[in-house]
file model28.txt (compact mmCIF, C-alpha atoms)
# COMPACT_ATOMS: atom_id res chain seq x y z
CA MET A 196 37.64 -128.95 82.50
CA VAL A 197 36.26 -132.04 84.21
CA PHE A 198 39.61 -133.68 84.92
CA SER A 199 42.71 -132.06 86.38
CA ARG A 200 46.23 -132.75 85.17
CA SER A 201 46.82 -135.22 87.96
CA ASP A 202 43.55 -136.99 87.04
CA TRP A 203 44.69 -137.38 83.45
CA ARG A 204 48.12 -138.62 84.48
CA LEU A 205 46.63 -141.19 86.82
CA MET A 206 44.07 -142.38 84.26
CA ILE A 207 46.63 -142.74 81.48
CA ALA A 208 49.05 -144.62 83.73
CA THR A 209 46.22 -146.88 84.92
CA VAL A 210 45.08 -147.71 81.39
CA VAL A 211 48.63 -148.47 80.24
CA ALA A 212 49.36 -150.68 83.26
CA THR A 213 46.02 -152.49 82.98
CA VAL A 214 46.51 -153.22 79.27
CA ALA A 215 50.05 -154.43 79.98
CA ALA A 216 48.74 -156.70 82.76
CA GLY A 217 46.15 -158.17 80.38
CA VAL A 218 48.74 -158.74 77.64
CA THR A 219 51.20 -160.47 79.96
CA HIS A 220 48.40 -162.58 81.49
CA PHE A 221 46.72 -163.82 78.32
CA GLY A 222 49.85 -163.84 76.19
CA LYS A 223 51.87 -165.75 78.81
CA ILE A 224 54.65 -163.19 78.37
CA GLY A 225 57.47 -162.59 80.83
CA GLY A 226 57.69 -165.94 82.57
CA THR A 227 56.39 -166.08 86.14
CA VAL A 228 57.62 -162.83 87.67
CA ILE A 229 56.89 -160.07 85.11
CA PRO A 230 53.10 -160.74 84.87
CA PHE A 231 52.96 -160.63 88.65
CA VAL A 232 54.86 -157.33 88.89
CA VAL A 233 52.83 -155.69 86.12
CA ALA A 234 49.53 -156.85 87.65
CA ALA A 235 50.61 -155.53 91.06
CA LEU A 236 51.40 -152.11 89.53
CA ALA A 237 48.07 -152.03 87.69
CA LEU A 238 46.25 -153.00 90.87
CA ALA A 239 47.94 -150.22 92.86
CA LEU A 240 47.00 -147.61 90.22
CA LEU A 241 43.43 -148.90 90.00
CA ALA A 242 43.14 -148.74 93.79
CA SER A 243 44.14 -145.08 93.64
CA LEU A 244 41.67 -144.35 90.83
CA VAL A 245 38.87 -146.14 92.69
CA GLY A 246 39.64 -144.00 95.74
CA ARG A 247 39.55 -140.82 93.68
CA SER A 248 36.26 -141.85 92.06
CA VAL A 249 34.75 -142.54 95.47
CA GLU A 250 35.81 -139.11 96.72
CA ALA A 251 34.29 -137.43 93.67
CA LEU A 252 31.07 -139.41 94.03
CA GLY A 253 30.76 -138.57 97.71
CA ASP A 254 31.47 -134.92 97.03
CA ARG A 255 28.70 -134.72 94.45
CA LEU A 256 26.21 -136.56 96.66
CA GLY A 257 26.91 -134.33 99.64
CA ALA A 258 29.23 -134.09 102.59
CA GLY A 259 27.39 -136.49 104.87
CA ALA A 260 27.15 -139.29 102.29
CA THR A 261 30.87 -139.44 101.56
CA GLY A 262 31.77 -141.50 104.61
CA VAL A 263 29.22 -144.12 103.65
CA VAL A 264 30.44 -144.30 100.06
CA GLN A 265 34.12 -144.27 100.91
CA SER A 266 33.92 -146.99 103.55
CA ALA A 267 31.70 -149.17 101.37
CA LEU A 268 33.61 -148.86 98.10
CA GLY A 269 37.07 -147.49 98.86
CA ASN A 270 38.61 -150.90 99.42
CA LEU A 271 37.15 -152.71 96.40
CA PRO A 272 40.53 -153.78 94.91
CA GLU A 273 41.65 -155.33 98.19
CA LEU A 274 38.31 -157.09 98.59
CA PHE A 275 38.56 -158.54 95.09
CA VAL A 276 42.12 -159.76 95.61
CA VAL A 277 41.31 -161.58 98.83
CA LEU A 278 38.12 -163.10 97.39
CA PHE A 279 40.02 -164.45 94.36
CA ALA A 280 42.72 -165.76 96.69
CA LEU A 281 40.05 -167.55 98.72
CA GLN A 282 38.57 -168.96 95.53
CA LYS A 283 41.97 -170.51 94.77
CA LYS A 284 42.17 -171.81 98.37
CA LEU A 285 45.06 -169.50 99.26
CA TYR A 286 43.84 -169.10 102.83
CA ASP A 287 47.21 -168.09 104.22
CA VAL A 288 47.42 -165.28 101.66
CA ALA A 289 43.94 -164.08 102.60
CA THR A 290 44.45 -163.98 106.36
CA ALA A 291 47.93 -162.50 106.07
CA THR A 292 46.61 -159.76 103.75
CA ILE A 293 44.15 -158.56 106.40
CA VAL A 294 46.91 -158.33 109.01
CA GLY A 295 49.42 -156.99 106.49
CA SER A 296 47.13 -154.14 105.45
CA ILE A 297 46.96 -152.99 109.07
CA LEU A 298 50.70 -153.45 109.69
CA ALA A 299 51.69 -151.64 106.49
CA ASN A 300 49.78 -148.54 107.61
CA VAL A 301 50.64 -148.40 111.31
CA LEU A 302 54.31 -149.34 110.91
CA LEU A 303 55.62 -148.80 107.38
CA VAL A 304 53.57 -145.83 106.15
CA LEU A 305 53.36 -144.08 109.52
CA GLY A 306 57.07 -144.71 109.98
CA LEU A 307 57.87 -143.20 106.57
CA ALA A 308 55.71 -140.18 107.33
CA PHE A 309 57.44 -139.62 110.68
CA LEU A 310 60.89 -140.23 109.19
CA LEU A 311 60.61 -137.95 106.15
CA GLY A 312 58.58 -135.30 107.94
CA GLY A 313 61.02 -135.31 110.86
CA ILE A 314 64.07 -135.02 108.63
CA LYS A 315 62.56 -132.07 106.74
CA HIS A 316 60.84 -130.19 109.57
CA GLY A 317 62.24 -131.59 112.80
CA PRO A 318 59.85 -132.84 115.54
CA GLN A 319 56.25 -132.54 114.36
CA LYS A 320 53.27 -131.99 116.64
CA PHE A 321 49.71 -133.14 116.05
CA GLY A 322 46.49 -132.86 118.04
CA SER A 323 46.71 -135.24 120.97
CA ASP A 324 42.91 -135.49 121.23
CA ALA A 325 42.48 -136.64 117.64
CA ALA A 326 45.49 -138.96 117.97
CA ARG A 327 44.05 -140.47 121.13
CA THR A 328 40.66 -140.99 119.50
CA LEU A 329 42.07 -142.66 116.39
CA SER A 330 44.50 -144.88 118.28
CA MET A 331 41.90 -145.98 120.83
CA LEU A 332 39.43 -146.80 118.05
CA LEU A 333 42.16 -148.84 116.37
CA VAL A 334 42.80 -150.77 119.58
CA LEU A 335 39.09 -151.45 120.14
CA SER A 336 38.40 -152.54 116.57
CA VAL A 337 41.43 -154.83 116.41
CA ALA A 338 40.55 -156.28 119.83
CA ALA A 339 37.09 -157.20 118.55
CA LEU A 340 38.64 -158.64 115.40
CA LEU A 341 40.95 -160.87 117.46
CA VAL A 342 38.30 -162.51 119.66
CA PRO A 343 37.80 -165.54 117.33
CA SER A 344 41.57 -166.00 117.06
CA LEU A 345 42.09 -165.86 120.80
CA THR A 346 39.18 -168.25 121.36
CA ALA A 347 40.72 -170.77 118.98
CA ALA A 348 44.27 -170.31 120.29
CA LEU A 349 43.58 -170.26 124.02
CA GLY A 350 40.48 -172.42 124.29
CA SER A 351 40.54 -176.19 124.47
CA HIS A 352 39.37 -177.96 121.31
CA ALA A 353 36.99 -179.85 123.53
CA THR A 354 35.08 -176.65 124.29
CA LYS A 355 32.08 -175.71 122.21
CA ALA A 356 33.46 -172.25 121.38
CA ALA A 357 36.62 -173.69 119.81
CA LEU A 358 34.53 -175.95 117.58
CA HIS A 359 32.50 -173.10 116.09
CA GLU A 360 35.13 -170.80 114.60
CA ARG A 361 33.04 -170.00 111.53
CA ASN A 362 29.90 -169.20 113.52
CA LEU A 363 31.81 -166.99 115.94
CA SER A 364 33.49 -165.17 113.06
CA VAL A 365 30.12 -164.52 111.44
CA VAL A 366 28.67 -163.14 114.68
CA VAL A 367 31.68 -160.86 115.23
CA SER A 368 31.51 -159.68 111.60
CA VAL A 369 27.81 -158.90 111.77
CA LEU A 370 28.26 -156.99 115.03
CA LEU A 371 31.19 -154.96 113.68
CA LEU A 372 29.31 -154.07 110.49
CA GLY A 373 26.20 -153.33 112.55
CA LEU A 374 28.21 -150.97 114.75
CA PHE A 375 29.55 -149.23 111.69
CA VAL A 376 26.12 -148.85 110.08
CA ALA A 377 24.52 -147.70 113.35
CA SER A 378 27.17 -145.01 113.72
CA LEU A 379 26.64 -143.50 110.26
CA PRO A 380 23.69 -141.18 111.11
CA SER A 381 25.72 -139.54 113.87
CA ALA A 382 28.71 -139.16 111.57
CA ILE A 383 26.56 -137.61 108.84
CA LYS A 384 24.92 -135.22 111.32
CA ARG A 385 28.31 -134.18 112.69
CA GLN A 386 29.63 -133.57 109.19
CA LYS A 387 26.68 -131.40 108.22
CA ALA A 388 27.18 -129.38 111.40
CA GLY A 389 30.86 -128.96 110.57
CA GLU A 390 30.00 -127.88 107.04
CA ALA A 391 27.51 -125.30 108.34
CA HIS A 392 30.20 -123.76 110.58
CA ALA A 393 32.90 -123.68 107.92
CA GLY A 394 34.11 -120.15 107.26
CA ALA A 395 34.55 -118.57 103.87
CA GLY A 396 38.28 -119.25 103.93
CA GLU A 397 37.99 -122.77 105.29
CA THR A 398 37.55 -126.09 103.59
CA ALA A 399 34.15 -127.59 104.38
CA PRO A 400 34.23 -131.22 105.47
CA VAL A 401 33.74 -133.54 102.53
CA THR A 402 34.58 -136.92 103.83
CA ALA A 403 34.69 -139.17 106.84
CA GLY A 404 36.23 -142.58 107.13
CA ALA A 405 35.16 -145.56 109.17
CA GLY A 406 37.09 -144.17 112.11
CA GLU A 407 34.93 -141.10 112.41
CA ALA A 408 31.77 -143.15 112.16
CA ALA A 409 32.96 -145.43 114.86
CA THR A 410 33.88 -142.39 116.93
CA ALA A 411 30.26 -141.38 117.07
CA ALA A 412 29.18 -144.89 118.03
CA ALA A 413 31.80 -145.09 120.73
CA GLY A 414 30.46 -141.94 122.34
CA THR A 415 33.63 -139.86 122.16
CA GLY A 416 33.56 -136.10 122.65
CA GLU A 417 32.15 -134.14 119.75
CA SER A 418 35.05 -131.69 119.63
CA THR A 419 37.52 -134.52 119.24
CA ALA A 420 35.46 -136.13 116.54
CA GLU A 421 35.21 -132.86 114.66
CA LYS A 422 38.99 -132.54 114.74
CA ALA A 423 39.33 -135.99 113.22
CA ASP A 424 36.74 -135.11 110.57
CA ALA A 425 38.60 -131.93 109.70
CA ALA A 426 41.85 -133.85 109.39
CA VAL A 427 40.41 -136.31 106.91
CA THR A 428 38.69 -133.51 105.03
CA ALA A 429 41.86 -131.56 104.44
CA SER A 430 43.80 -134.66 103.46
CA VAL A 431 41.26 -135.61 100.83
CA ALA A 432 41.13 -132.10 99.48
CA ASP A 433 44.90 -132.02 99.16
CA LYS A 434 45.02 -135.47 97.62
CA ALA A 435 42.48 -134.63 94.98
CA GLY A 436 44.26 -131.58 93.66
CA ASP A 437 47.27 -131.18 91.44
CA GLY A 438 49.68 -131.18 94.35
CA GLU A 439 49.48 -127.41 94.61
CA GLY A 440 47.27 -127.09 97.65
CA ALA A 441 43.94 -127.32 95.86
CA PRO A 442 41.25 -126.51 98.38
CA HIS A 443 38.60 -128.92 97.12
CA GLY A 444 38.20 -132.58 96.16
CA PRO A 445 37.60 -133.86 92.60
CA SER A 446 34.87 -131.65 91.09
CA TRP A 447 33.61 -134.32 88.70
CA PRO A 448 29.94 -134.29 87.65
CA LEU A 449 27.87 -137.01 89.28
CA ALA A 450 27.48 -138.97 86.03
CA VAL A 451 31.24 -138.89 85.42
CA ALA A 452 31.96 -140.06 88.99
CA LEU A 453 29.49 -142.95 88.65
CA ILE A 454 30.87 -144.05 85.28
CA MET A 455 34.46 -143.80 86.52
CA LEU A 456 33.66 -145.83 89.63
CA ALA A 457 31.91 -148.51 87.58
CA VAL A 458 34.77 -148.75 85.08
CA THR A 459 37.49 -148.82 87.73
CA GLY A 460 35.52 -151.34 89.79
CA VAL A 461 35.24 -153.71 86.84
CA GLY A 462 38.88 -153.14 85.98
CA ALA A 463 39.91 -153.86 89.56
CA ALA A 464 37.97 -157.14 89.46
CA PHE A 465 39.74 -158.31 86.30
CA VAL A 466 43.20 -157.19 87.39
CA SER A 467 42.69 -158.78 90.82
CA ASP A 468 41.98 -162.10 89.08
CA TRP A 469 45.12 -161.75 86.95
CA PHE A 470 47.14 -160.72 89.99
CA VAL A 471 46.09 -163.78 92.00
CA ALA A 472 46.62 -166.05 88.96
CA ALA A 473 50.20 -164.76 88.71
CA LEU A 474 50.72 -164.93 92.46
CA GLU A 475 51.20 -168.70 92.83
CA PRO A 476 53.81 -169.08 90.03
CA ALA A 477 55.63 -165.99 91.32
CA MET A 478 55.71 -167.38 94.87
CA ASP A 479 57.15 -170.66 93.62
CA SER A 480 59.69 -168.89 91.41
CA LEU A 481 60.83 -166.44 94.08
CA GLY A 482 60.66 -168.95 96.93
CA ILE A 483 58.40 -166.86 99.14
CA SER A 484 55.63 -168.14 101.36
CA GLN A 485 51.90 -167.47 101.17
CA ALA A 486 52.11 -165.63 104.47
CA PHE A 487 54.79 -163.23 103.19
CA ALA A 488 52.95 -162.69 99.92
CA GLY A 489 49.78 -161.69 101.75
CA LEU A 490 51.43 -159.79 104.60
CA VAL A 491 53.71 -157.67 102.44
CA ILE A 492 53.15 -157.88 98.68
CA VAL A 493 49.36 -158.02 98.41
CA ALA A 494 48.81 -155.61 101.31
CA ILE A 495 51.15 -152.98 99.86
CA ALA A 496 49.90 -153.40 96.28
CA GLY A 497 46.32 -152.73 97.39
CA ASN A 498 47.19 -149.54 99.28
CA ALA A 499 50.51 -148.27 97.94
CA VAL A 500 49.46 -145.30 95.86
CA GLU A 501 46.79 -144.12 98.31
CA ASN A 502 49.24 -144.31 101.21
CA VAL A 503 51.61 -141.92 99.48
CA VAL A 504 49.14 -139.17 100.41
CA GLY A 505 49.85 -139.46 104.13
CA ILE A 506 53.58 -139.22 103.49
CA GLN A 507 53.12 -136.17 101.26
CA LEU A 508 51.10 -134.45 103.99
CA ALA A 509 53.87 -135.12 106.52
CA LEU A 510 56.40 -133.60 104.11
CA LYS A 511 54.17 -130.50 103.94
CA ASN A 512 54.25 -130.37 107.76
CA GLN A 513 50.53 -131.16 107.97
CA SER A 514 51.06 -133.83 110.58
CA ASP A 515 47.48 -133.81 111.91
CA TYR A 516 46.12 -134.61 108.49
CA ALA A 517 48.85 -137.16 107.77
CA LEU A 518 48.14 -139.09 110.96
CA SER A 519 44.41 -139.14 110.30
CA VAL A 520 44.77 -140.31 106.69
CA ILE A 521 47.19 -143.08 107.60
CA LEU A 522 45.18 -144.44 110.53
CA GLN A 523 41.84 -144.41 108.67
CA SER A 524 42.87 -147.30 106.44
CA PRO A 525 43.53 -149.89 109.20
CA LEU A 526 40.29 -148.80 110.88
CA GLN A 527 38.37 -149.52 107.68
CA ILE A 528 40.11 -152.88 107.32
CA ALA A 529 39.12 -153.92 110.85
CA LEU A 530 35.58 -152.51 110.85
CA VAL A 531 34.47 -153.11 107.27
CA VAL A 532 36.77 -155.15 105.02
CA ALA A 533 37.54 -158.14 107.26
CA PRO A 534 33.90 -158.61 108.35
CA ALA A 535 32.73 -158.26 104.73
CA LEU A 536 35.15 -160.98 103.62
CA VAL A 537 33.81 -163.38 106.24
CA LEU A 538 30.26 -162.88 104.99
CA LEU A 539 31.12 -162.87 101.26
CA SER A 540 33.54 -165.83 101.20
CA PRO A 541 30.80 -168.49 100.65
CA LEU A 542 30.03 -166.79 97.31
CA VAL A 543 33.41 -168.01 96.00
CA GLY A 544 33.15 -171.45 97.57
CA ALA A 545 35.33 -170.66 100.56
CA SER A 546 34.88 -170.47 104.31
CA PHE A 547 36.90 -167.55 105.59
CA THR A 548 37.11 -166.97 109.33
CA LEU A 549 38.75 -164.40 111.57
CA VAL A 550 40.98 -167.04 113.14
CA LEU A 551 44.64 -166.05 112.69
CA SER A 552 47.84 -167.95 113.40
CA PRO A 553 49.55 -167.27 116.77
CA LEU A 554 52.35 -165.29 115.10
CA LEU A 555 49.88 -163.10 113.20
CA ILE A 556 48.01 -162.46 116.45
CA ALA A 557 51.26 -161.54 118.22
CA VAL A 558 52.55 -159.13 115.57
CA LEU A 559 49.16 -157.46 115.20
CA ILE A 560 48.82 -156.82 118.93
CA MET A 561 52.44 -155.65 119.11
CA ALA A 562 52.06 -153.25 116.18
CA VAL A 563 48.84 -151.69 117.48
CA VAL A 564 50.16 -151.24 121.02
CA ILE A 565 53.40 -149.68 119.77
CA THR A 566 51.47 -147.34 117.49
CA VAL A 567 49.34 -146.14 120.40
CA LEU A 568 52.44 -145.53 122.53
CA VAL A 569 54.09 -143.57 119.73
CA VAL A 570 51.18 -141.24 118.90
CA LEU A 571 49.71 -140.58 122.35
CA ASP A 572 52.27 -137.90 123.22
CA GLY A 573 51.12 -135.78 120.27
CA GLU A 574 54.61 -135.47 118.79
CA SER A 575 56.71 -137.40 116.27
CA ASN A 576 60.33 -137.35 115.15
CA TRP A 577 62.45 -139.08 112.55
CA LEU A 578 63.88 -141.62 115.00
CA GLU A 579 60.41 -142.90 115.92
CA GLY A 580 59.68 -143.25 112.22
CA ALA A 581 62.88 -145.16 111.58
CA THR A 582 62.11 -147.49 114.50
CA LEU A 583 58.62 -148.24 113.18
CA MET A 584 60.04 -149.04 109.75
CA VAL A 585 62.73 -151.30 111.20
CA LEU A 586 60.10 -153.18 113.18
CA TYR A 587 58.04 -153.65 110.00
CA GLY A 588 61.12 -154.98 108.19
CA ILE A 589 61.83 -157.46 110.98
CA ILE A 590 58.23 -158.71 111.00
CA ALA A 591 58.20 -159.05 107.22
CA THR A 592 61.43 -161.01 107.28
CA ALA A 593 60.02 -163.35 109.92
CA PHE A 594 57.25 -164.32 107.47
CA TRP A 595 59.53 -164.83 104.44
CA TRP A 596 59.70 -168.57 105.01
CA GLY A 597 56.11 -168.94 106.22

call {"tool": "encode", "arguments": {"input": "model28.txt", "output": "structure tokens"}}
result
Amino acid sequence: MVFSRSDWRLMIATVVATVAAGVTHFGKIGGTVIPFVVAALALALLASLVGRSVEALGDRLGAGATGVVQSALGNLPELFVVLFALQKKLYDVATATIVGSILANVLLVLGLAFLLGGIKHGPQKFGSDAARTLSMLLVLSVAALLVPSLTAALGSHATKAALHERNLSVVVSVLLLGLFVASLPSAIKRQKAGEAHAGAGETAPVTAGAGEAATAAAGTGESTAEKADAAVTASVADKAGDGEGAPHGPSWPLAVALIMLAVTGVGAAFVSDWFVAALEPAMDSLGISQAFAGLVIVAIAGNAVENVVGIQLALKNQSDYALSVILQSPLQIALVVAPALVLLSPLVGASFTLVLSPLLIAVLIMAVVITVLVVLDGESNWLEGATLMVLYGIIATAFWWG
């Protein structure tokens, strides 16, 4: 059978939610809040189905190609949402979504994984080398992402640099994407080597996120990089199965994977438009700010279902894999999604830059630094998880009013 039980469940739920989102949008049913909630649910399910399609496509194309495919297409729903928000001139929503996607992973999701895993299994240990690699890559990528913001915030408006925010953002975006592309051959080579050494009872590497690609470019040790690759591999294999420890990713034929990706991509585009259309009335009705909507609601809706995987892995006491899965997403946001939005924004009549507000800069730096401090010791417990979640709640509350 082409599709597993979990595939069928996800597809049926996605179709039902998407149809309901279309009905509430075009039929003007449910006032201002219900269309927004239904569209957010449909978007979360579509994001999960897009991710599963990308995994299946990469698996059929070969181990080395998966990282390219996943990083390029895995965040389509989030890209669509931000582009439609920019089209409607919701700039605060767009910038807050970029920061919120990073915060949701490094504070909320990582905190939940540590909390639930710690309660069930006690203190959990993970490879300190892989943790150090992932956290350092996160620091470096976010630091590069923040250069335009710091230039605008700390430089005098009389200086030439402060007057060219758009140009600086474009240069930073091109360099980040160039770094990512330049690192892909090394990542593919490393994956093929890992696949060749996989034993009969082991899972061969099938995927690599932006973090692994950047690892190669950054010149980190090969053994550390291979550990990170193995972590992502196992997480994807587990995610793709029926929740019963399936050893391999989605075994869809290539044609099925391509058709599914095309259908879910088109569906994500439509639902993203409906979601953004319902966003403004919902914000007015609920009295929330653009910043809160982007930082919390949009960021979580675009990643919610996928992020459950990291928590499930922590509950299974697979803390290495959980950490790698959770930290790959913010790495992809910083290295691929944010730069892509800067370059694509003129297509929707907008001019998106990487310049963030001072508070967004502060919370992003704080979250990344705290995450590094938490994971560097190679051990987690429930109290660390609870603290990360409390910090996320405090930051989210600070943005409620704008």

call {"tool": "residues_around", "arguments": {"input": "model28.txt", "residues": "Ala509 (chain A)", "least_positions_apart": "3", "cutoff": "10 Å", "atoms": "only C-alpha atoms", "output": "list in words"}}
result
Leu305, Leu307, Ala308, Phe309, Leu310, Leu311, Gly312, Gly313, Lys315, His316, Gln319, Val504, Gly505, Ile506, Asn512, Gln513, Ser514, Asp515, Tyr516, Ala517 and Leu518 of chain A

call {"tool": "write_last_selection", "arguments": {"input": "model28.txt", "atoms": "C-alpha atoms", "output": "CSV table (one decimal), in the frame of the given file"}}
result
chain,number,residue,atom,x,y,z
A,305,LEU,CA,53.4,-144.1,109.5
A,307,LEU,CA,57.9,-143.2,106.6
A,308,ALA,CA,55.7,-140.2,107.3
A,309,PHE,CA,57.4,-139.6,110.7
A,310,LEU,CA,60.9,-140.2,109.2
A,311,LEU,CA,60.6,-138.0,106.2
A,312,GLY,CA,58.6,-135.3,107.9
A,313,GLY,CA,61.0,-135.3,110.9
A,315,LYS,CA,62.6,-132.1,106.7
A,316,HIS,CA,60.8,-130.2,109.6
A,319,GLN,CA,56.2,-132.5,114.4
A,504,VAL,CA,49.1,-139.2,100.4
A,505,GLY,CA,49.8,-139.5,104.1
A,506,ILE,CA,53.6,-139.2,103.5
A,512,ASN,CA,54.2,-130.4,107.8
A,513,GLN,CA,50.5,-131.2,108.0
A,514,SER,CA,51.1,-133.8,110.6
A,515,ASP,CA,47.5,-133.8,111.9
A,516,TYR,CA,46.1,-134.6,108.5
A,517,ALA,CA,48.8,-137.2,107.8
A,518,LEU,CA,48.1,-139.1,111.0

call {"tool": "closest_residue", "arguments": {"input": "model28.txt", "among": "A:Phe275, A:Phe547, A:Phe231, A:Tyr286", "to": "Arg361 (chain A)", "atoms": "all atoms listed in the file"}}
result
A:Phe547

call {"tool": "atom_distance", "arguments": {"input": "model28.txt", "atom1": "CA of Val451 (chain A)", "atom2": "CA of Trp469 (chain A)"}}
result
26.8 Å

call {"tool": "atom_distance", "arguments": {"input": "model28.txt", "atom1": "CA of Pro343 (chain A)", "atom2": "CA of Asp468 (chain A)"}}
result
28.8 Å

call {"tool": "closest_residue", "arguments": {"input": "model28.txt", "among": "A:His359, A:Leu539, A:Ser344, A:Gly306", "to": "Leu578 (chain A)", "atoms": "all atoms listed in the file"}}
result
A:Gly306

call {"tool": "atom_distance", "arguments": {"input": "model28.txt", "atom1": "CA of Val367 (chain A)", "atom2": "CA of Ala326 (chain A)"}}
result
26.0 Å

call {"tool": "closest_residue", "arguments": {"input": "model28.txt", "among": "A:Ala299, A:Glu360, A:Ser546, A:Val245", "to": "Ala348 (chain A)", "atoms": "all atoms listed in the file"}}
result
A:Glu360

call {"tool": "closest_residue", "arguments": {"input": "model28.txt", "among": "A:Ala289, A:Val218, A:Val294, A:Leu449", "to": "Val471 (chain A)", "atoms": "all atoms listed in the file"}}
result
A:Ala289

call {"tool": "axis_aligned_box", "arguments": {"input": "model28.txt", "around": "region 221-224 of chain A", "padding_each_side": "6 Å", "output": "JSON"}}
result
{"center_x": 50.7, "center_y": -164.5, "center_z": 77.5, "size_x": 19.9, "size_y": 14.6, "size_z": 14.6}

call {"tool": "residues_around", "arguments": {"input": "model28.txt", "residues": "Leu341 (chain A)", "least_positions_apart": "6", "cutoff": "9 Å", "atoms": "all atoms listed in the file", "output": "number ranges by chain"}}
result
A: 549-551, 556, 560

call {"tool": "write_last_selection", "arguments": {"input": "model28.txt", "atoms": "C-alpha atoms", "output": "short mmCIF file (atom, residue, chain, number, x, y, z; two decimals), keeping the file's coordinate frame"}}
result
data_model
loop_
_atom_site.label_atom_id
_atom_site.label_comp_id
_atom_site.auth_asym_id
_atom_site.auth_seq_id
_atom_site.Cartn_x
_atom_site.Cartn_y
_atom_site.Cartn_z
CA LEU A 549 38.75 -164.40 111.57
CA VAL A 550 40.98 -167.04 113.14
CA LEU A 551 44.64 -166.05 112.69
CA ILE A 556 48.01 -162.46 116.45
CA ILE A 560 48.82 -156.82 118.93
#

call {"tool": "closest_residue", "arguments": {"input": "model28.txt", "among": "A:Ala545, A:Leu244, A:Leu583, A:Val197", "to": "Ala562 (chain A)", "atoms": "only C-alpha atoms"}}
result
A:Leu583

call {"tool": "closest_residue", "arguments": {"input": "model28.txt", "among": "A:Ser467, A:Thr209, A:Gln527, A:Asn498", "to": "Ala280 (chain A)", "atoms": "all atoms listed in the file"}}
result
A:Ser467

call {"tool": "residues_around", "arguments": {"input": "model28.txt", "residues": "Gly544 (chain A)", "least_positions_apart": "5", "cutoff": "12 Å", "atoms": "all atoms listed in the file", "output": "list in words"}}
result
Leu278, Phe279, Ala280, Leu281, Gln282, Lys283, Lys284, Val537, Leu538 and Leu539 of chain A

call {"tool": "write_last_selection", "arguments": {"input": "model28.txt", "atoms": "C-alpha atoms", "output": "PDB file, keeping the file's coordinate frame"}}
result
ATOM      1  CA  LEU A 278      38.120-163.100  97.390  1.00  0.00           C
ATOM      2  CA  PHE A 279      40.020-164.450  94.360  1.00  0.00           C
ATOM      3  CA  ALA A 280      42.720-165.760  96.690  1.00  0.00           C
ATOM      4  CA  LEU A 281      40.050-167.550  98.720  1.00  0.00           C
ATOM      5  CA  GLN A 282      38.570-168.960  95.530  1.00  0.00           C
ATOM      6  CA  LYS A 283      41.970-170.510  94.770  1.00  0.00           C
ATOM      7  CA  LYS A 284      42.170-171.810  98.370  1.00  0.00           C
ATOM      8  CA  VAL A 537      33.810-163.380 106.240  1.00  0.00           C
ATOM      9  CA  LEU A 538      30.260-162.880 104.990  1.00  0.00           C
ATOM     10  CA  LEU A 539      31.120-162.870 101.260  1.00  0.00           C
TER      11      LEU A 539
END
